[in-house]
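Listing of run_2.cif, mmCIF, C-alpha atoms
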```cif
data_my_file
#
loop_
_atom_site.label_atom_id
_atom_site.label_comp_id
_atom_site.auth_asym_id
_atom_site.auth_seq_id
_atom_site.Cartn_x
_atom_site.Cartn_y
_atom_site.Cartn_z
CA MET A 1 0.00 0.00 0.00
CA THR A 2 2.66 2.54 1.03
CA THR A 3 4.78 1.40 -1.90
CA ALA A 4 1.97 2.09 -4.36
CA VAL A 5 1.20 5.50 -2.81
CA PHE A 6 4.87 6.49 -2.88
CA ALA A 7 5.35 5.31 -6.47
CA GLY A 8 2.30 7.25 -7.64
CA ALA A 9 3.11 10.45 -5.73
CA ALA A 10 6.79 10.41 -6.73
CA THR A 11 5.99 9.87 -10.40
CA VAL A 12 3.42 12.67 -10.50
CA ALA A 13 5.75 14.99 -8.57
CA LEU A 14 8.66 14.41 -10.96
CA VAL A 15 6.56 14.67 -14.12
CA SER A 16 4.93 17.91 -12.96
CA ALA A 17 8.34 19.25 -11.90
CA LEU A 18 9.64 18.56 -15.41
CA LEU A 19 6.58 20.23 -16.93
CA MET A 20 7.10 23.17 -14.55
CA VAL A 21 10.69 23.87 -15.65
CA THR A 22 9.83 23.57 -19.36
CA ARG A 23 6.73 25.84 -19.58
CA ARG A 24 7.36 29.25 -21.16
CA ASN A 25 4.62 31.13 -19.31
CA PRO A 26 5.23 31.41 -15.54
CA ILE A 27 1.52 31.00 -14.74
CA TYR A 28 1.53 27.43 -16.14
CA SER A 29 4.76 26.78 -14.27
CA ALA A 30 3.09 27.90 -11.04
CA VAL A 31 0.19 25.49 -11.55
CA TRP A 32 2.52 22.53 -12.22
CA LEU A 33 4.55 23.54 -9.18
CA LEU A 34 1.33 23.34 -7.15
CA VAL A 35 0.79 19.73 -8.32
CA SER A 36 4.39 18.90 -7.47
CA PHE A 37 4.13 20.42 -3.96
CA ILE A 38 0.99 18.45 -3.15
CA CYS A 39 2.66 15.21 -4.24
CA VAL A 40 5.68 15.99 -2.05
CA ALA A 41 3.25 16.42 0.87
CA VAL A 42 1.92 12.91 0.12
CA VAL A 43 5.52 11.62 0.21
CA PHE A 44 5.88 13.20 3.67
CA LEU A 45 2.77 11.27 4.74
CA VAL A 46 4.38 8.03 3.52
CA LEU A 47 7.46 8.98 5.56
CA GLN A 48 5.27 9.05 8.71
CA ALA A 49 5.44 12.83 9.11
CA PRO A 50 1.78 13.99 9.06
CA PHE A 51 2.47 17.31 10.82
CA LEU A 52 5.14 18.16 8.28
CA ALA A 53 2.81 17.26 5.42
CA ALA A 54 0.19 19.68 6.77
CA ILE A 55 2.76 22.45 7.29
CA HIS A 56 4.17 21.79 3.83
CA VAL A 57 0.77 22.31 2.21
CA LEU A 58 0.14 25.42 4.35
CA VAL A 59 3.49 27.09 3.75
CA TYR A 60 4.31 26.06 0.18
CA THR A 61 0.93 26.02 -1.53
CA GLY A 62 -0.81 28.38 0.87
CA ALA A 63 1.84 31.07 1.18
CA ILE A 64 4.72 30.72 -1.28
CA LEU A 65 2.74 29.69 -4.35
CA VAL A 66 0.02 32.28 -3.72
CA LEU A 67 2.77 34.90 -3.45
CA PHE A 68 4.13 33.73 -6.82
CA LEU A 69 0.68 33.96 -8.38
CA PHE A 70 0.16 37.47 -6.92
CA VAL A 71 3.46 38.64 -8.40
CA ILE A 72 2.74 37.03 -11.79
CA MET A 73 -0.62 38.79 -11.90
CA LEU A 74 0.89 42.06 -10.63
CA LEU A 75 3.58 42.10 -13.34
CA ASN A 76 1.01 41.02 -15.95
CA LEU A 77 3.70 40.06 -18.46
CA ARG A 78 2.88 40.22 -22.15
CA ASP A 79 4.34 37.62 -24.47
CA ASP A 80 7.17 39.89 -25.62
CA GLU A 81 8.04 40.78 -22.01
CA LEU A 82 8.67 37.15 -21.05
CA GLY A 83 12.20 37.42 -22.43
CA GLU A 84 14.09 34.95 -24.54
CA GLU A 85 15.27 31.50 -23.60
CA TYR A 86 18.58 29.82 -24.32
CA PRO A 87 18.89 27.99 -27.66
CA LEU A 88 18.01 24.30 -27.70
CA ALA A 89 21.64 23.13 -27.81
CA VAL A 90 22.47 24.97 -24.57
CA ARG A 91 19.37 23.58 -22.87
CA ILE A 92 20.27 20.01 -23.89
CA LEU A 93 23.81 20.56 -22.58
CA VAL A 94 22.49 21.82 -19.23
CA ALA A 95 20.05 18.88 -19.07
CA GLY A 96 23.03 16.55 -19.55
CA LEU A 97 24.90 18.33 -16.74
CA CYS A 98 21.89 17.93 -14.44
CA ALA A 99 21.67 14.23 -15.34
CA VAL A 100 25.33 13.94 -14.28
CA LEU A 101 24.44 15.78 -11.05
CA PHE A 102 21.66 13.23 -10.43
CA LEU A 103 24.08 10.34 -11.02
CA VAL A 104 26.67 11.89 -8.69
CA LEU A 105 23.99 12.02 -5.97
CA ALA A 106 22.35 8.67 -6.74
CA VAL A 107 25.24 6.26 -7.40
CA PRO A 108 26.93 6.47 -3.95
CA ILE A 109 23.64 6.01 -2.07
CA SER A 110 22.65 3.07 -4.30
CA ARG A 111 25.82 1.25 -3.23
CA ASP A 112 24.96 1.44 0.49
CA PRO A 113 23.12 -1.78 1.43
CA SER A 114 21.95 -0.37 4.80
CA LEU A 115 19.64 2.06 2.96
CA ARG A 116 17.83 -0.84 1.27
CA GLU A 117 16.00 -1.98 4.39
CA PRO A 118 12.28 -1.76 3.68
CA LEU A 119 10.43 1.06 5.40
CA SER A 120 8.27 -1.41 7.34
CA ALA A 121 11.41 -2.89 8.98
CA LEU A 122 12.47 0.45 10.49
CA THR A 123 11.35 1.70 13.89
CA PRO A 124 8.11 3.59 13.25
CA GLY A 125 8.78 7.31 13.31
CA ASP A 126 6.73 9.78 15.32
CA GLY A 127 5.72 12.76 13.24
CA SER A 128 2.96 14.05 15.50
CA VAL A 129 2.74 17.69 16.58
CA GLU A 130 3.80 16.64 20.06
CA ALA A 131 6.96 14.82 18.98
CA VAL A 132 8.09 17.60 16.62
CA GLY A 133 7.22 20.30 19.17
CA ARG A 134 9.20 18.59 21.93
CA VAL A 135 12.36 18.41 19.82
CA LEU A 136 11.83 21.92 18.43
CA PHE A 137 11.45 23.64 21.80
CA ASN A 138 13.69 21.43 23.97
CA THR A 139 16.70 21.03 21.69
CA TYR A 140 16.45 23.74 19.05
CA GLY A 141 14.98 26.66 21.02
CA LEU A 142 17.68 29.15 20.05
CA GLN A 143 17.46 28.27 16.36
CA PHE A 144 13.69 28.70 16.53
CA GLU A 145 14.11 32.23 17.88
CA LEU A 146 16.75 33.05 15.25
CA VAL A 147 14.38 31.91 12.49
CA SER A 148 11.73 34.30 13.82
CA VAL A 149 14.26 37.16 13.60
CA LEU A 150 15.08 36.08 10.02
CA ILE A 151 11.41 36.17 9.04
CA ILE A 152 10.92 39.66 10.51
CA VAL A 153 13.99 40.93 8.65
CA ALA A 154 12.81 39.31 5.40
CA MET A 155 9.35 40.85 5.82
CA LEU A 156 10.73 44.35 6.37
CA GLY A 157 13.26 43.91 3.56
CA SER A 158 10.68 42.82 1.02
CA MET A 159 8.39 45.71 1.94
CA ILE A 160 11.22 48.23 1.48
CA LEU A 161 12.40 46.61 -1.78
CA ALA A 162 8.93 46.55 -3.32
CA LYS A 163 8.22 50.20 -2.52
CA LYS A 164 7.45 52.40 -5.49
CA THR A 165 9.74 55.23 -4.46
CA LEU A 166 12.89 53.09 -4.32
CA LYS A 167 15.55 54.82 -6.41
CA VAL A 168 18.12 52.60 -8.12
CA MET B 1 9.31 -10.97 -1.25
CA PRO B 2 7.26 -8.32 -3.03
CA PHE B 3 8.88 -5.00 -3.90
CA GLN B 4 8.93 -2.73 -0.85
CA VAL B 5 9.78 0.93 -0.59
CA SER B 6 13.01 1.71 1.30
CA THR B 7 15.01 4.78 2.32
CA LEU B 8 16.95 4.45 -0.92
CA HIS B 9 13.87 5.16 -3.02
CA PHE B 10 13.10 8.34 -1.09
CA LEU B 11 16.68 9.52 -1.52
CA LEU B 12 16.59 8.77 -5.26
CA PHE B 13 13.33 10.72 -5.52
CA ALA B 14 14.92 13.62 -3.59
CA SER B 15 17.98 13.59 -5.87
CA ALA B 16 15.79 13.62 -8.98
CA LEU B 17 13.75 16.55 -7.64
CA PHE B 18 16.98 18.41 -6.85
CA ALA B 19 18.39 17.75 -10.34
CA VAL B 20 15.19 18.93 -12.06
CA GLY B 21 15.29 22.10 -9.94
CA ALA B 22 18.94 22.64 -10.83
CA TYR B 23 18.03 22.38 -14.52
CA GLY B 24 15.37 25.05 -14.03
CA VAL B 25 17.82 27.38 -12.27
CA LEU B 26 20.58 26.94 -14.88
CA ALA B 27 18.68 26.63 -18.16
CA ARG B 28 15.90 29.19 -17.76
CA ARG B 29 16.21 32.94 -18.11
CA ASN B 30 12.86 33.98 -16.65
CA LEU B 31 13.51 35.23 -13.10
CA LEU B 32 10.16 33.94 -11.79
CA ILE B 33 10.81 30.41 -13.05
CA VAL B 34 14.35 30.47 -11.64
CA LEU B 35 12.87 31.28 -8.20
CA MET B 36 10.26 28.50 -8.54
CA SER B 37 13.00 26.02 -9.47
CA LEU B 38 14.91 27.04 -6.33
CA GLU B 39 11.83 26.08 -4.31
CA LEU B 40 11.86 22.72 -6.08
CA MET B 41 15.50 22.15 -5.09
CA LEU B 42 14.69 22.98 -1.45
CA ASN B 43 11.82 20.47 -1.63
CA GLY B 44 14.24 17.76 -2.72
CA VAL B 45 16.50 18.54 0.23
CA ASN B 46 13.50 18.42 2.59
CA VAL B 47 12.51 14.94 1.40
CA ALA B 48 16.08 13.72 1.92
CA LEU B 49 16.16 15.21 5.45
CA VAL B 50 12.92 13.51 6.48
CA ALA B 51 14.00 10.18 4.95
CA PHE B 52 17.36 10.25 6.77
CA GLY B 53 15.63 11.38 9.96
CA LEU B 54 13.36 8.33 9.86
CA ARG B 55 16.26 6.01 9.06
CA LEU B 56 18.84 7.28 11.54
CA SER B 57 17.22 8.86 14.58
CA ALA B 58 14.49 7.90 16.98
CA ASN B 59 13.26 11.46 17.56
CA ALA B 60 11.94 14.05 15.13
CA SER B 61 15.19 16.03 14.58
CA GLY B 62 15.06 15.64 10.80
CA GLN B 63 11.57 17.10 10.72
CA VAL B 64 12.64 20.09 12.84
CA PHE B 65 15.39 20.79 10.29
CA VAL B 66 12.77 20.72 7.54
CA LEU B 67 10.70 23.30 9.46
CA MET B 68 13.76 25.58 9.54
CA VAL B 69 14.34 25.05 5.79
CA MET B 70 10.70 25.97 5.13
CA ALA B 71 11.06 29.20 7.12
CA VAL B 72 14.23 30.10 5.20
CA ALA B 73 12.47 29.26 1.90
CA ALA B 74 9.57 31.54 2.78
CA ALA B 75 11.96 34.39 3.68
CA GLU B 76 13.98 33.81 0.51
CA VAL B 77 10.94 33.85 -1.75
CA ALA B 78 9.54 37.02 -0.14
CA VAL B 79 12.78 38.93 -0.68
CA GLY B 80 13.33 37.38 -4.11
CA LEU B 81 9.90 38.34 -5.40
CA ALA B 82 10.31 41.86 -4.01
CA ILE B 83 13.55 42.13 -6.00
CA VAL B 84 11.74 40.82 -9.12
CA ILE B 85 9.05 43.50 -8.71
CA SER B 86 11.66 46.20 -8.16
CA VAL B 87 13.68 45.07 -11.21
CA PHE B 88 10.59 44.95 -13.40
CA ARG B 89 9.59 48.44 -12.30
CA THR B 90 12.95 50.00 -13.17
CA ARG B 91 13.94 47.95 -16.25
CA HIS B 92 10.73 46.36 -17.61
CA THR B 93 12.28 42.93 -17.95
CA VAL B 94 12.37 39.60 -16.11
CA ASP B 95 15.12 38.17 -18.34
CA THR B 96 18.29 37.40 -16.38
CA HIS B 97 20.41 38.29 -19.43
CA ASP B 98 19.22 41.90 -19.39
CA LEU B 99 20.55 42.33 -15.86
CA ARG B 100 24.24 42.69 -16.57
CA SER B 101 25.08 46.22 -15.48
CA LEU B 102 27.52 44.80 -12.91
CA SER B 103 29.40 42.73 -15.51
CA GLY B 104 31.18 45.82 -16.88
#
```

When written as structure tokens, how does the structure in this file appear?
Amino acid sequence: MTTAVFAGAATVALVSALLMVTRRNPIYSAVWLLVSFICVAVVFLVLQAPFLAAIHVLVYTGAILVLFLFVIMLLNLRDDELGEEYPLAVRILVAGLCAVLFLVLAVPISRDPSLREPLSALTPGDGSVEAVGRVLFNTYGLQFELVSVLIIVAMLGSMILAKKTLKV
Amino acid sequence: MPFQVSTLHFLLFASALFAVGAYGVLARRNLLIVLMSLELMLNGVNVALVAFGLRLSANASGQVFVLMVMAVAAAEVAVGLAIVISVFRTRHTVDTHDLRSLSG
């Protein structure tokens, strides 16, 4: 059951990711990115992390993707404003480079037999709000506070950057 | 024994997601799509963190790391999109090749 769910979600996520990077118009890219994000949330569910799956949907599709869509609609790009893309030869070359990158990541982990244990043989993980919250506030309290500072700074920075009166 | 999903499959999926995102960052010239591809790469890293967390540790440390990555991703995308808006306002372009005033 988990195998089938993972296979389905991973396939849809990868196909929609590929569609997302190859669309010319950013609005289609954003919609394929939405599909990809939801499938990644399903993968989190398979990995026994239900809280993370919920937060992933909230943050990525609820905040980040909506922000992308707002900006796409705000810019309202015409076809000639989308800019040019690299010629096909360059894109094929870069695709080859990225395939090499995938192999560099994938070959060493495929050789490790300890990673081949089936998921059902591992100790069941605890991805509940309680388990994550305990680790977050007991062990990583300082980092949590630093992240809140980072978010405040990013919020102020983006408001200043997006102001109309900014002179460059 | 029927085929069963293991940590390896999650890591392969994460690597593939990362590589697709890297292609988007390197091969596209539209700033908005470059930013979206960056999000895709961060997603790949998140999947790998959760998979390793389940494999290696009894507590939820891996998931806490993913929460931090999500916060950084949200901050990055807010600032990045503000820069895109600002660039479009001053130069009327979202093509990365038109932004070369620093290259001399």

Residue neighbourhood segment 65-74 of chain B, 9 Å, only C-alpha atoms, exclusion window fewer than 6 positions, as a PDB file with C-alpha atoms, in the coordinates of the input:
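Below is the file around31.pdb, written as the result:
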```
ATOM      1  CA  LEU A  52       5.140  18.160   8.280  1.00  0.00           C
ATOM      2  CA  ILE A  55       2.760  22.450   7.290  1.00  0.00           C
ATOM      3  CA  HIS A  56       4.170  21.790   3.830  1.00  0.00           C
ATOM      4  CA  VAL A  59       3.490  27.090   3.750  1.00  0.00           C
ATOM      5  CA  TYR A  60       4.310  26.060   0.180  1.00  0.00           C
ATOM      6  CA  ALA A  63       1.840  31.070   1.180  1.00  0.00           C
ATOM      7  CA  ILE A  64       4.720  30.720  -1.280  1.00  0.00           C
ATOM      8  CA  LEU A 136      11.830  21.920  18.430  1.00  0.00           C
ATOM      9  CA  GLN A 143      17.460  28.270  16.360  1.00  0.00           C
ATOM     10  CA  PHE A 144      13.690  28.700  16.530  1.00  0.00           C
ATOM     11  CA  VAL A 147      14.380  31.910  12.490  1.00  0.00           C
ATOM     12  CA  SER A 148      11.730  34.300  13.820  1.00  0.00           C
ATOM     13  CA  LEU A 150      15.080  36.080  10.020  1.00  0.00           C
ATOM     14  CA  ILE A 151      11.410  36.170   9.040  1.00  0.00           C
ATOM     15  CA  ALA A 154      12.810  39.310   5.400  1.00  0.00           C
TER      16      ALA A 154
ATOM     17  CA  LEU B  38      14.910  27.040  -6.330  1.00  0.00           C
ATOM     18  CA  GLU B  39      11.830  26.080  -4.310  1.00  0.00           C
ATOM     19  CA  LEU B  42      14.690  22.980  -1.450  1.00  0.00           C
ATOM     20  CA  ASN B  43      11.820  20.470  -1.630  1.00  0.00           C
ATOM     21  CA  VAL B  45      16.500  18.540   0.230  1.00  0.00           C
ATOM     22  CA  ASN B  46      13.500  18.420   2.590  1.00  0.00           C
ATOM     23  CA  VAL B  47      12.510  14.940   1.400  1.00  0.00           C
ATOM     24  CA  LEU B  49      16.160  15.210   5.450  1.00  0.00           C
ATOM     25  CA  VAL B  50      12.920  13.510   6.480  1.00  0.00           C
TER      26      VAL B  50
END
```

Find the nearest atom pair between each residue of chain A and chain B for residues within 7 Å, count all atoms listed in the file, give distances in Å to one decimal, sort rows by chain and ascending number, and present the table as JSON lines.
```
{"residue": "A:Thr3", "atom": "CA", "partner": "B:Val5", "partner_atom": "CA", "distance": 5.2}
{"residue": "A:Ala10", "atom": "CA", "partner": "B:Phe13", "partner_atom": "CA", "distance": 6.7}
{"residue": "A:Leu14", "atom": "CA", "partner": "B:Leu17", "partner_atom": "CA", "distance": 6.4}
{"residue": "A:Ala17", "atom": "CA", "partner": "B:Val20", "partner_atom": "CA", "distance": 6.9}
{"residue": "A:Leu18", "atom": "CA", "partner": "B:Val20", "partner_atom": "CA", "distance": 6.5}
{"residue": "A:Val21", "atom": "CA", "partner": "B:Gly24", "partner_atom": "CA", "distance": 5.1}
{"residue": "A:Pro26", "atom": "CA", "partner": "B:Ile33", "partner_atom": "CA", "distance": 6.2}
{"residue": "A:Leu47", "atom": "CA", "partner": "B:Ala51", "partner_atom": "CA", "distance": 6.7}
{"residue": "A:Leu52", "atom": "CA", "partner": "B:Gln63", "partner_atom": "CA", "distance": 7.0}
{"residue": "A:Ile64", "atom": "CA", "partner": "B:Ala74", "partner_atom": "CA", "distance": 6.4}
{"residue": "A:Glu81", "atom": "CA", "partner": "B:Thr93", "partner_atom": "CA", "distance": 6.3}
{"residue": "A:Leu82", "atom": "CA", "partner": "B:Val94", "partner_atom": "CA", "distance": 6.6}
{"residue": "A:Gly83", "atom": "CA", "partner": "B:Asp95", "partner_atom": "CA", "distance": 5.1}
{"residue": "A:Glu85", "atom": "CA", "partner": "B:Arg29", "partner_atom": "CA", "distance": 5.8}
{"residue": "A:Tyr86", "atom": "CA", "partner": "B:Ala27", "partner_atom": "CA", "distance": 6.9}
{"residue": "A:Arg91", "atom": "CA", "partner": "B:Ala27", "partner_atom": "CA", "distance": 5.7}
{"residue": "A:Val94", "atom": "CA", "partner": "B:Ala27", "partner_atom": "CA", "distance": 6.2}
{"residue": "A:Ala95", "atom": "CA", "partner": "B:Tyr23", "partner_atom": "CA", "distance": 6.1}
{"residue": "A:Cys98", "atom": "CA", "partner": "B:Ala19", "partner_atom": "CA", "distance": 5.4}
{"residue": "A:Ala99", "atom": "CA", "partner": "B:Ala19", "partner_atom": "CA", "distance": 6.9}
{"residue": "A:Leu101", "atom": "CA", "partner": "B:Ala19", "partner_atom": "CA", "distance": 6.4}
{"residue": "A:Phe102", "atom": "CA", "partner": "B:Ala19", "partner_atom": "CA", "distance": 5.6}
{"residue": "A:Leu105", "atom": "CA", "partner": "B:Ser15", "partner_atom": "CA", "distance": 6.2}
{"residue": "A:Ala106", "atom": "CA", "partner": "B:Leu12", "partner_atom": "CA", "distance": 5.9}
{"residue": "A:Ile109", "atom": "CA", "partner": "B:Leu8", "partner_atom": "CA", "distance": 7.0}
{"residue": "A:Ser110", "atom": "CA", "partner": "B:Leu8", "partner_atom": "CA", "distance": 6.8}
{"residue": "A:Leu115", "atom": "CA", "partner": "B:Leu8", "partner_atom": "CA", "distance": 5.3}
{"residue": "A:Arg116", "atom": "CA", "partner": "B:Ser6", "partner_atom": "CA", "distance": 5.5}
{"residue": "A:Glu117", "atom": "CA", "partner": "B:Ser6", "partner_atom": "CA", "distance": 5.7}
{"residue": "A:Pro118", "atom": "CA", "partner": "B:Ser6", "partner_atom": "CA", "distance": 4.3}
{"residue": "A:Leu119", "atom": "CA", "partner": "B:Ser6", "partner_atom": "CA", "distance": 4.9}
{"residue": "A:Leu122", "atom": "CA", "partner": "B:Arg55", "partner_atom": "CA", "distance": 6.9}
{"residue": "A:Gly125", "atom": "CA", "partner": "B:Leu54", "partner_atom": "CA", "distance": 5.8}
{"residue": "A:Asp126", "atom": "CA", "partner": "B:Ala60", "partner_atom": "CA", "distance": 6.7}
{"residue": "A:Gly127", "atom": "CA", "partner": "B:Ala60", "partner_atom": "CA", "distance": 6.6}
{"residue": "A:Ala131", "atom": "CA", "partner": "B:Ala60", "partner_atom": "CA", "distance": 6.3}
{"residue": "A:Val132", "atom": "CA", "partner": "B:Ala60", "partner_atom": "CA", "distance": 5.4}
{"residue": "A:Val135", "atom": "CA", "partner": "B:Ser61", "partner_atom": "CA", "distance": 6.4}
{"residue": "A:Leu136", "atom": "CA", "partner": "B:Val64", "partner_atom": "CA", "distance": 5.9}
{"residue": "A:Val147", "atom": "CA", "partner": "B:Ala71", "partner_atom": "CA", "distance": 6.9}
{"residue": "A:Ile151", "atom": "CA", "partner": "B:Ala75", "partner_atom": "CA", "distance": 5.7}
{"residue": "A:Ala154", "atom": "CA", "partner": "B:Ala75", "partner_atom": "CA", "distance": 5.3}
{"residue": "A:Gly157", "atom": "CA", "partner": "B:Val79", "partner_atom": "CA", "distance": 6.6}
{"residue": "A:Ser158", "atom": "CA", "partner": "B:Val79", "partner_atom": "CA", "distance": 4.7}
{"residue": "A:Leu161", "atom": "CA", "partner": "B:Ala82", "partner_atom": "CA", "distance": 5.6}
{"residue": "A:Ala162", "atom": "CA", "partner": "B:Ala82", "partner_atom": "CA", "distance": 4.9}
```

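The gap separating atom CA of Trp32 of chain A from atom CA of Val15 of chain A is 9.0 Å, in Å to one decimal.
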
At what distance in Å, to one decimal, does atom CA of Ala48 of chain B lie from atom CA of Gln48 of chain A?
13.6 Å

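The space separating atom CA of Ala13 of chain A from atom CA of Val42 of chain A comes to 9.7 Å.
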
Go through A:Ala41, A:Ala30, A:Val66, A:Met1 one by one, measure the shortest atom-to-atom distance of each to Ala54 of chain A using only C-alpha atoms, and give the residue with the smallest value.
A:Ala41

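Shortest separation to Ser36 of chain A among A:Leu65, A:Val57, A:Val12, A:Ile160 occurs at residue A:Val12, atoms counted being all atoms listed in the file.
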